[in-house]
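structure_12.cif follows (mmCIF, C-alpha atoms):
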data_run
#
loop_
_atom_site.label_atom_id
_atom_site.label_comp_id
_atom_site.auth_asym_id
_atom_site.auth_seq_id
_atom_site.Cartn_x
_atom_site.Cartn_y
_atom_site.Cartn_z
CA SER A 318 0.00 0.00 0.00
CA THR A 319 0.98 3.63 -0.28
CA ALA A 320 1.18 3.83 3.52
CA MET A 321 3.52 0.81 3.71
CA LEU A 322 5.83 2.22 1.01
CA GLN A 323 5.96 5.59 2.77
CA ALA A 324 6.76 3.90 6.09
CA LEU A 325 9.48 1.79 4.48
CA GLU A 326 11.03 4.81 2.79
CA ALA A 327 11.02 6.77 6.07
CA ALA A 328 12.53 3.89 8.05
CA LEU A 329 15.32 3.44 5.49
CA ALA A 330 16.12 7.16 5.61
CA THR A 331 16.51 6.93 9.39
CA ILE A 332 18.68 3.82 9.18
CA ALA A 333 20.91 5.34 6.47
CA SER A 334 22.09 8.05 8.87
CA ASP A 335 22.61 5.71 11.83
CA ASP A 336 26.25 4.58 11.96
CA SER A 337 25.44 2.11 14.75
CA VAL A 338 23.43 -0.03 12.31
CA ARG A 339 25.74 -2.41 10.46
CA VAL A 340 23.29 -4.76 8.73
CA VAL A 341 19.54 -4.60 8.08
CA ILE A 342 17.20 -7.59 8.05
CA LEU A 343 13.95 -6.96 6.19
CA ALA A 344 11.38 -9.45 7.44
CA ALA A 345 7.61 -9.79 7.35
CA GLU A 346 4.81 -11.02 9.59
CA GLY A 347 2.12 -13.43 8.46
CA LYS A 348 2.04 -16.06 5.72
CA ALA A 349 3.45 -13.89 2.94
CA PHE A 350 6.69 -11.94 2.72
CA SER A 351 4.79 -9.59 0.40
CA ALA A 352 2.00 -10.18 -2.10
CA GLY A 353 2.82 -6.97 -3.97
CA HIS A 354 0.77 -3.85 -4.46
CA ASP A 355 -2.61 -3.41 -2.77
CA LEU A 356 -4.89 -4.13 -5.72
CA LYS A 357 -7.99 -2.78 -3.96
CA GLU A 358 -6.20 0.53 -3.41
CA MET A 359 -5.14 0.59 -7.07
CA GLN A 360 -8.64 -0.13 -8.36
CA GLY A 361 -9.92 2.74 -6.25
CA PHE A 362 -7.79 5.15 -8.28
CA ARG A 363 -9.92 4.50 -11.38
CA VAL A 364 -12.77 6.73 -10.15
CA ASP A 365 -10.55 9.82 -10.62
CA ALA A 366 -11.25 12.15 -13.54
CA ASP A 367 -8.12 10.97 -15.37
CA ASP A 368 -9.01 7.29 -14.77
CA GLY A 369 -6.31 7.14 -12.10
CA ARG A 370 -3.32 8.04 -14.27
CA THR A 371 -1.93 10.61 -11.82
CA ALA A 372 -2.47 8.32 -8.82
CA PHE A 373 -0.85 5.38 -10.60
CA GLU A 374 2.15 7.51 -11.57
CA THR A 375 2.51 8.73 -7.98
CA LEU A 376 2.29 5.18 -6.60
CA PHE A 377 4.84 3.67 -8.99
CA HIS A 378 7.25 6.59 -8.50
CA LEU A 379 6.96 6.10 -4.73
CA CYS A 380 7.58 2.39 -5.15
CA ALA A 381 10.64 3.02 -7.34
CA ARG A 382 12.06 5.40 -4.73
CA ALA A 383 11.57 2.86 -1.93
CA MET A 384 13.22 0.07 -3.94
CA GLN A 385 16.16 2.30 -4.82
CA ALA A 386 16.45 3.35 -1.17
CA VAL A 387 17.03 -0.32 -0.30
CA ALA A 388 19.71 -0.65 -2.96
CA SER A 389 21.43 2.63 -2.06
CA LEU A 390 21.29 2.13 1.71
CA PRO A 391 24.88 2.26 3.04
CA GLN A 392 24.35 -0.92 5.04
CA PRO A 393 23.81 -4.37 3.48
CA VAL A 394 20.15 -5.44 3.48
CA ILE A 395 19.10 -9.07 3.89
CA ALA A 396 15.58 -10.13 2.88
CA GLN A 397 14.24 -12.83 5.21
CA VAL A 398 11.60 -14.48 3.03
CA GLN A 399 9.33 -16.86 4.89
CA GLY A 400 6.47 -17.13 2.39
CA VAL A 401 5.35 -15.93 -1.00
CA ALA A 402 7.10 -12.92 -2.55
CA THR A 403 5.17 -11.96 -5.64
CA ALA A 404 5.02 -8.98 -8.04
CA ALA A 405 6.25 -5.90 -6.13
CA GLY A 406 6.96 -8.24 -3.20
CA CYS A 407 9.41 -10.16 -5.38
CA GLN A 408 10.77 -6.78 -6.47
CA LEU A 409 11.35 -5.84 -2.84
CA ALA A 410 13.18 -9.08 -2.05
CA CYS A 411 15.33 -8.79 -5.17
CA SER A 412 16.16 -5.16 -4.35
CA CYS A 413 17.90 -6.38 -1.19
CA ASP A 414 21.58 -7.26 -1.30
CA LEU A 415 21.07 -10.79 -0.01
CA ILE A 416 18.12 -13.18 0.35
CA VAL A 417 17.71 -15.91 2.94
CA ALA A 418 14.58 -17.94 2.22
CA SER A 419 12.54 -20.63 3.84
CA GLU A 420 12.59 -23.88 1.88
CA THR A 421 8.84 -23.44 1.39
CA ALA A 422 9.00 -19.84 0.09
CA ARG A 423 8.06 -18.98 -3.49
CA PHE A 424 8.93 -16.12 -5.79
CA GLY A 425 6.86 -14.82 -8.71
CA VAL A 426 6.07 -11.88 -10.94
CA ASN A 427 2.52 -12.96 -11.62
CA GLY A 428 0.88 -9.74 -12.77
CA ILE A 429 0.62 -11.10 -16.31
CA ASN A 430 -2.08 -13.47 -15.04
CA LEU A 431 -4.22 -10.34 -14.48
CA GLY A 432 -3.18 -8.69 -17.75
CA LEU A 433 -0.53 -6.50 -16.08
CA PHE A 434 3.09 -7.17 -17.07
CA CYS A 435 5.35 -6.67 -14.02
CA SER A 436 7.56 -4.08 -15.71
CA THR A 437 8.87 -2.43 -12.55
CA PRO A 438 9.49 -5.70 -10.67
CA ALA A 439 11.39 -6.81 -13.78
CA VAL A 440 14.04 -4.16 -13.06
CA ALA A 441 15.09 -5.78 -9.78
CA LEU A 442 14.48 -9.36 -10.92
CA SER A 443 16.58 -9.02 -14.09
CA ARG A 444 19.50 -7.80 -11.99
CA ARG A 445 19.50 -11.03 -9.95
CA LEU A 446 18.53 -13.54 -12.59
CA ALA A 447 19.65 -14.34 -16.13
CA PRO A 448 17.56 -12.31 -18.62
CA GLY A 449 15.97 -15.34 -20.27
CA ALA A 450 14.96 -16.89 -16.96
CA ALA A 451 13.57 -13.57 -15.72
CA PHE A 452 11.56 -13.03 -18.90
CA GLU A 453 10.13 -16.54 -18.67
CA LEU A 454 8.77 -15.82 -15.19
CA LEU A 455 7.42 -12.45 -16.33
CA THR A 456 5.59 -13.89 -19.33
CA THR A 457 4.31 -17.17 -17.83
CA GLY A 458 3.31 -15.93 -14.37
CA GLU A 459 4.70 -19.14 -12.90
CA PHE A 460 6.20 -19.35 -9.42
CA LEU A 461 9.84 -20.08 -8.68
CA SER A 462 10.31 -22.36 -5.68
CA ALA A 463 12.91 -21.35 -3.11
CA PRO A 464 15.15 -24.40 -3.81
CA ARG A 465 15.17 -23.62 -7.54
CA ALA A 466 15.70 -19.91 -6.82
CA HIS A 467 18.69 -20.92 -4.69
CA ALA A 468 20.09 -23.09 -7.47
CA MET A 469 19.70 -20.18 -9.92
CA GLY A 470 21.48 -17.71 -7.64
CA VAL A 471 18.45 -15.60 -6.70
CA VAL A 472 18.50 -16.83 -3.10
CA ASN A 473 21.76 -16.86 -1.12
CA ARG A 474 20.82 -19.29 1.64
CA LEU A 475 17.99 -21.74 2.32
CA ALA A 476 16.69 -22.76 5.72
CA PRO A 477 13.93 -24.96 7.13
CA PRO A 478 10.98 -22.76 8.12
CA ASP A 479 11.71 -23.10 11.84
CA GLN A 480 15.36 -22.12 11.36
CA LEU A 481 14.89 -19.20 8.97
CA GLU A 482 15.33 -16.42 11.53
CA ALA A 483 18.41 -18.06 13.05
CA GLU A 484 20.03 -18.60 9.64
CA THR A 485 19.33 -15.00 8.62
CA ARG A 486 20.76 -13.65 11.87
CA LYS A 487 23.84 -15.87 11.48
CA LEU A 488 24.55 -14.30 8.08
CA ALA A 489 23.86 -10.80 9.43
CA GLU A 490 26.20 -11.31 12.38
CA THR A 491 28.98 -12.57 10.10
CA ILE A 492 28.76 -9.38 8.03
CA ALA A 493 28.32 -7.14 11.08
CA ALA A 494 31.58 -8.47 12.50
CA LYS A 495 33.53 -7.04 9.54
CA ASP A 496 34.87 -3.50 9.38
CA PRO A 497 31.72 -1.36 8.88
CA ALA A 498 33.47 1.36 6.88
CA ALA A 499 34.89 -1.22 4.46
CA ILE A 500 31.48 -2.89 4.11
CA ARG A 501 29.79 0.45 3.33
CA LEU A 502 32.44 1.39 0.78
CA GLY A 503 32.24 -2.09 -0.69
CA LYS A 504 28.48 -1.92 -1.14
CA ARG A 505 28.83 1.49 -2.78
CA ALA A 506 31.49 0.13 -5.17
CA PHE A 507 29.47 -2.99 -5.96
CA GLN A 508 26.32 -1.02 -6.78
CA ALA A 509 28.15 1.70 -8.74
CA GLN A 510 30.15 -0.58 -11.03
CA ALA A 511 27.31 -2.98 -11.84
CA GLY A 512 26.23 -2.72 -15.46
CA GLN A 513 29.00 -0.30 -16.42
CA PRO A 514 31.37 -0.92 -19.36
CA LEU A 515 34.50 -2.72 -18.16
CA PRO A 516 36.86 0.32 -18.17
CA GLU A 517 34.33 2.49 -16.31
CA ALA A 518 33.63 -0.30 -13.83
CA TYR A 519 37.32 -0.59 -13.01
CA ARG A 520 37.66 3.19 -12.72
CA ILE A 521 34.78 3.36 -10.23
CA ALA A 522 36.00 0.36 -8.25
CA GLY A 523 39.60 1.56 -8.28
CA ASP A 524 38.70 4.99 -6.88
CA ILE A 525 36.72 3.45 -4.04
CA MET A 526 39.46 0.87 -3.41
CA VAL A 527 41.94 3.73 -2.89
CA GLU A 528 39.49 5.39 -0.49
CA ASN A 529 39.20 2.11 1.41
CA VAL A 530 42.91 1.28 1.62
CA LEU A 531 43.67 4.73 3.05
CA LEU A 532 41.38 4.20 6.05
CA PRO A 533 43.36 3.96 9.33
CA ASP A 534 41.57 0.76 10.37
CA THR A 535 42.40 -0.84 7.02
CA ALA A 536 46.06 0.09 7.36
CA ALA A 537 46.07 -1.41 10.85
CA GLY A 538 44.32 -4.57 9.66
CA ILE A 539 46.83 -5.17 6.89
CA GLN A 540 49.73 -4.61 9.29
CA ARG A 541 48.26 -7.10 11.77
CA PHE A 542 48.12 -9.68 8.99
CA LEU A 543 51.74 -9.00 7.97
CA ASP A 544 52.85 -9.22 11.58
CA ARG A 545 50.88 -12.48 11.98
CA ARG A 546 48.97 -10.91 14.88
#
Can you present the structure in this file as structure tokens?
Amino acid sequence: STAMLQALEAALATIASDDSVRVVILAAEGKAFSAGHDLKEMQGFRVDADDGRTAFETLFHLCARAMQAVASLPQPVIAQVQGVATAAGCQLACSCDLIVASETARFGVNGINLGLFCSTPAVALSRRLAPGAAFELLTTGEFLSAPRAHAMGVVNRLAPPDQLEAETRKLAETIAAKDPAAIRLGKRAFQAQAGQPLPEAYRIAGDIMVENVLLPDTAAGIQRFLDRR
């Protein structure tokens, strides 16, 4: 819903400026991780004089901002997916840096079954999945099981339903134990170089690598390694 997207965007803005937060876990309550946009809310827009065009534009622009806020957040974001993640819900999971999923979870971009191609979810999905595989899901409306999503590289880790939270926290704690400044620079480099031509990708990554290696904690860490301490 619009309210949920606004709340998510506001929470991410608060987290982005909080240096004490090292890793974010995005989890959901209930049976579904997210079933996507609130279709009742969307249908209500159609009573407007312009058949809802302005409201739809506002909603999808808000959604795009929220998804990009996840990707651009300084801290790594882990999606903890316990149930279905479909349409914009799949988009949200795929916008995260990492996904830990229950073995019973499912992913889909099923809008085509209603006559609505999931064009905006396709942006996030096609950045995690091979183009042909992503387009197949977008055009068939079929679900992708968590085990198959794991085999295809969409999901990072699988867990039995009763161990999902523990497995997600284990991954989060592993990352949180690393140097936070290096992790933040690394995420920025990873996001910035993705999709760039090879020379530009290396230029971006090289500049950030220099910034990283000059950090006092990095210098100390390298010296500890050399001194076998």
Worksheet item: Hey, what's within 10 Å of region 328-344 of chain A if we count all atoms listed in the file and toss same-chain stuff fewer than 3 positions away? As number ranges by chain, please?
Response: A: 322-325, 350-351, 383, 386-387, 389-399, 409-410, 413-417, 482, 485-486, 488-498, 500-501
Response to the item:
Pairwise distance, CA of Ala422 (chain A) with CA of Ala402 (chain A), equals 7.6 Å
Practice prompt. Go through A:Ala506, A:Leu515, A:Ala522, A:Ala352 and flag the residue nearest Thr403 (chain A), using only C-alpha atoms for the distances.
Written response: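 The answer is A:Ala352, which sits nearest to Thr403 (chain A).
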Discussion item. I need the residue nearest Leu442 (chain A) from this list: A:Asn529, A:Ser412, A:Ser419, A:Asn473. Use all atoms listed in the file for the distance.
Written reply: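 For Leu442 (chain A), the nearest of the candidates is A:Ser412.
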Worksheet entry | Interatomic distance, CA of Asn430 (chain A) to CA of Leu475 (chain A) (Å, one decimal) |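 Rounded to one decimal, the two atoms are 27.8 Å apart.
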Incomplete region 484-518 of chain A brought to N, CA and C atoms, written out as an mmCIF file, in the frame of the given file:
data_model
loop_
_atom_site.group_PDB
_atom_site.id
_atom_site.type_symbol
_atom_site.label_atom_id
_atom_site.label_comp_id
_atom_site.auth_asym_id
_atom_site.auth_seq_id
_atom_site.Cartn_x
_atom_site.Cartn_y
_atom_site.Cartn_z
ATOM 1 N N GLU A 484 19.103 -18.587 10.774
ATOM 2 C CA GLU A 484 20.030 -18.600 9.640
ATOM 3 C C GLU A 484 20.258 -17.187 9.105
ATOM 4 N N THR A 485 19.189 -16.387 9.079
ATOM 5 C CA THR A 485 19.330 -15.000 8.620
ATOM 6 C C THR A 485 20.204 -14.208 9.577
ATOM 7 N N ARG A 486 19.967 -14.375 10.868
ATOM 8 C CA ARG A 486 20.760 -13.650 11.870
ATOM 9 C C ARG A 486 22.223 -14.094 11.835
ATOM 10 N N LYS A 487 22.462 -15.364 11.580
ATOM 11 C CA LYS A 487 23.840 -15.870 11.480
ATOM 12 C C LYS A 487 24.583 -15.149 10.364
ATOM 13 N N LEU A 488 23.935 -15.010 9.204
ATOM 14 C CA LEU A 488 24.550 -14.300 8.080
ATOM 15 C C LEU A 488 24.762 -12.835 8.432
ATOM 16 N N ALA A 489 23.753 -12.210 9.051
ATOM 17 C CA ALA A 489 23.860 -10.800 9.430
ATOM 18 C C ALA A 489 24.999 -10.569 10.409
ATOM 19 N N GLU A 490 25.143 -11.464 11.380
ATOM 20 C CA GLU A 490 26.200 -11.310 12.380
ATOM 21 C C GLU A 490 27.587 -11.495 11.776
ATOM 22 N N THR A 491 27.706 -12.383 10.782
ATOM 23 C CA THR A 491 28.980 -12.570 10.100
ATOM 24 C C THR A 491 29.408 -11.280 9.411
ATOM 25 N N ILE A 492 28.456 -10.637 8.732
ATOM 26 C CA ILE A 492 28.760 -9.380 8.030
ATOM 27 C C ILE A 492 29.010 -8.261 9.023
ATOM 28 N N ALA A 493 28.208 -8.215 10.090
ATOM 29 C CA ALA A 493 28.320 -7.140 11.080
ATOM 30 C C ALA A 493 29.655 -7.183 11.814
ATOM 31 N N ALA A 494 30.292 -8.343 11.822
ATOM 32 C CA ALA A 494 31.580 -8.470 12.500
ATOM 33 C C ALA A 494 32.730 -7.887 11.684
ATOM 34 N N LYS A 495 32.496 -7.615 10.406
ATOM 35 C CA LYS A 495 33.530 -7.040 9.540
ATOM 36 C C LYS A 495 33.622 -5.537 9.765
ATOM 37 N N ASP A 496 34.693 -4.940 9.246
ATOM 38 C CA ASP A 496 34.870 -3.500 9.380
ATOM 39 C C ASP A 496 33.708 -2.763 8.713
ATOM 40 N N PRO A 497 32.923 -1.982 9.463
ATOM 41 C CA PRO A 497 31.720 -1.360 8.880
ATOM 42 C C PRO A 497 32.032 -0.358 7.785
ATOM 43 N N ALA A 498 33.128 0.383 7.917
ATOM 44 C CA ALA A 498 33.470 1.360 6.880
ATOM 45 C C ALA A 498 33.814 0.656 5.571
ATOM 46 N N ALA A 499 34.537 -0.464 5.665
ATOM 47 C CA ALA A 499 34.890 -1.220 4.460
ATOM 48 C C ALA A 499 33.648 -1.828 3.818
ATOM 49 N N ILE A 500 32.723 -2.307 4.635
ATOM 50 C CA ILE A 500 31.480 -2.890 4.110
ATOM 51 C C ILE A 500 30.665 -1.822 3.375
ATOM 52 N N ARG A 501 30.566 -0.628 3.961
ATOM 53 C CA ARG A 501 29.790 0.450 3.330
ATOM 54 C C ARG A 501 30.435 0.886 2.017
ATOM 55 N N LEU A 502 31.751 1.043 2.025
ATOM 56 C CA LEU A 502 32.440 1.390 0.780
ATOM 57 C C LEU A 502 32.279 0.280 -0.249
ATOM 58 N N GLY A 503 32.364 -0.950 0.220
ATOM 59 C CA GLY A 503 32.240 -2.090 -0.690
ATOM 60 C C GLY A 503 30.870 -2.165 -1.341
ATOM 61 N N LYS A 504 29.821 -1.910 -0.552
ATOM 62 C CA LYS A 504 28.480 -1.920 -1.140
ATOM 63 C C LYS A 504 28.341 -0.804 -2.170
ATOM 64 N N ARG A 505 28.892 0.372 -1.832
ATOM 65 C CA ARG A 505 28.830 1.490 -2.780
ATOM 66 C C ARG A 505 29.552 1.141 -4.088
ATOM 67 N N ALA A 506 30.721 0.519 -3.972
ATOM 68 C CA ALA A 506 31.490 0.130 -5.170
ATOM 69 C C ALA A 506 30.728 -0.916 -5.985
ATOM 70 N N PHE A 507 30.177 -1.902 -5.279
ATOM 71 C CA PHE A 507 29.470 -2.990 -5.960
ATOM 72 C C PHE A 507 28.283 -2.461 -6.751
ATOM 73 N N GLN A 508 27.499 -1.579 -6.122
ATOM 74 C CA GLN A 508 26.320 -1.020 -6.780
ATOM 75 C C GLN A 508 26.723 -0.104 -7.943
ATOM 76 N N ALA A 509 27.770 0.705 -7.741
ATOM 77 C CA ALA A 509 28.150 1.700 -8.740
ATOM 78 C C ALA A 509 28.739 1.084 -9.993
ATOM 79 N N GLN A 510 29.496 -0.005 -9.847
ATOM 80 C CA GLN A 510 30.150 -0.580 -11.030
ATOM 81 C C GLN A 510 29.254 -1.523 -11.824
ATOM 82 N N ALA A 511 28.192 -2.002 -11.186
ATOM 83 C CA ALA A 511 27.310 -2.980 -11.840
ATOM 84 C C ALA A 511 26.705 -2.400 -13.116
ATOM 85 N N GLY A 512 26.823 -3.128 -14.195
ATOM 86 C CA GLY A 512 26.230 -2.720 -15.460
ATOM 87 C C GLY A 512 27.048 -1.718 -16.250
ATOM 88 N N GLN A 513 28.159 -1.270 -15.710
ATOM 89 C CA GLN A 513 29.000 -0.300 -16.420
ATOM 90 C C GLN A 513 29.912 -1.023 -17.416
ATOM 91 N N PRO A 514 30.345 -0.342 -18.488
ATOM 92 C CA PRO A 514 31.370 -0.920 -19.360
ATOM 93 C C PRO A 514 32.616 -1.237 -18.536
ATOM 94 N N LEU A 515 33.382 -2.230 -18.956
ATOM 95 C CA LEU A 515 34.500 -2.720 -18.160
ATOM 96 C C LEU A 515 35.473 -1.621 -17.729
ATOM 97 N N PRO A 516 35.921 -0.724 -18.621
ATOM 98 C CA PRO A 516 36.860 0.320 -18.170
ATOM 99 C C PRO A 516 36.263 1.239 -17.110
ATOM 100 N N GLU A 517 34.984 1.611 -17.282
ATOM 101 C CA GLU A 517 34.330 2.490 -16.310
ATOM 102 C C GLU A 517 34.128 1.760 -14.982
ATOM 103 N N ALA A 518 33.800 0.474 -15.058
ATOM 104 C CA ALA A 518 33.630 -0.300 -13.830
ATOM 105 C C ALA A 518 34.917 -0.343 -13.026
#
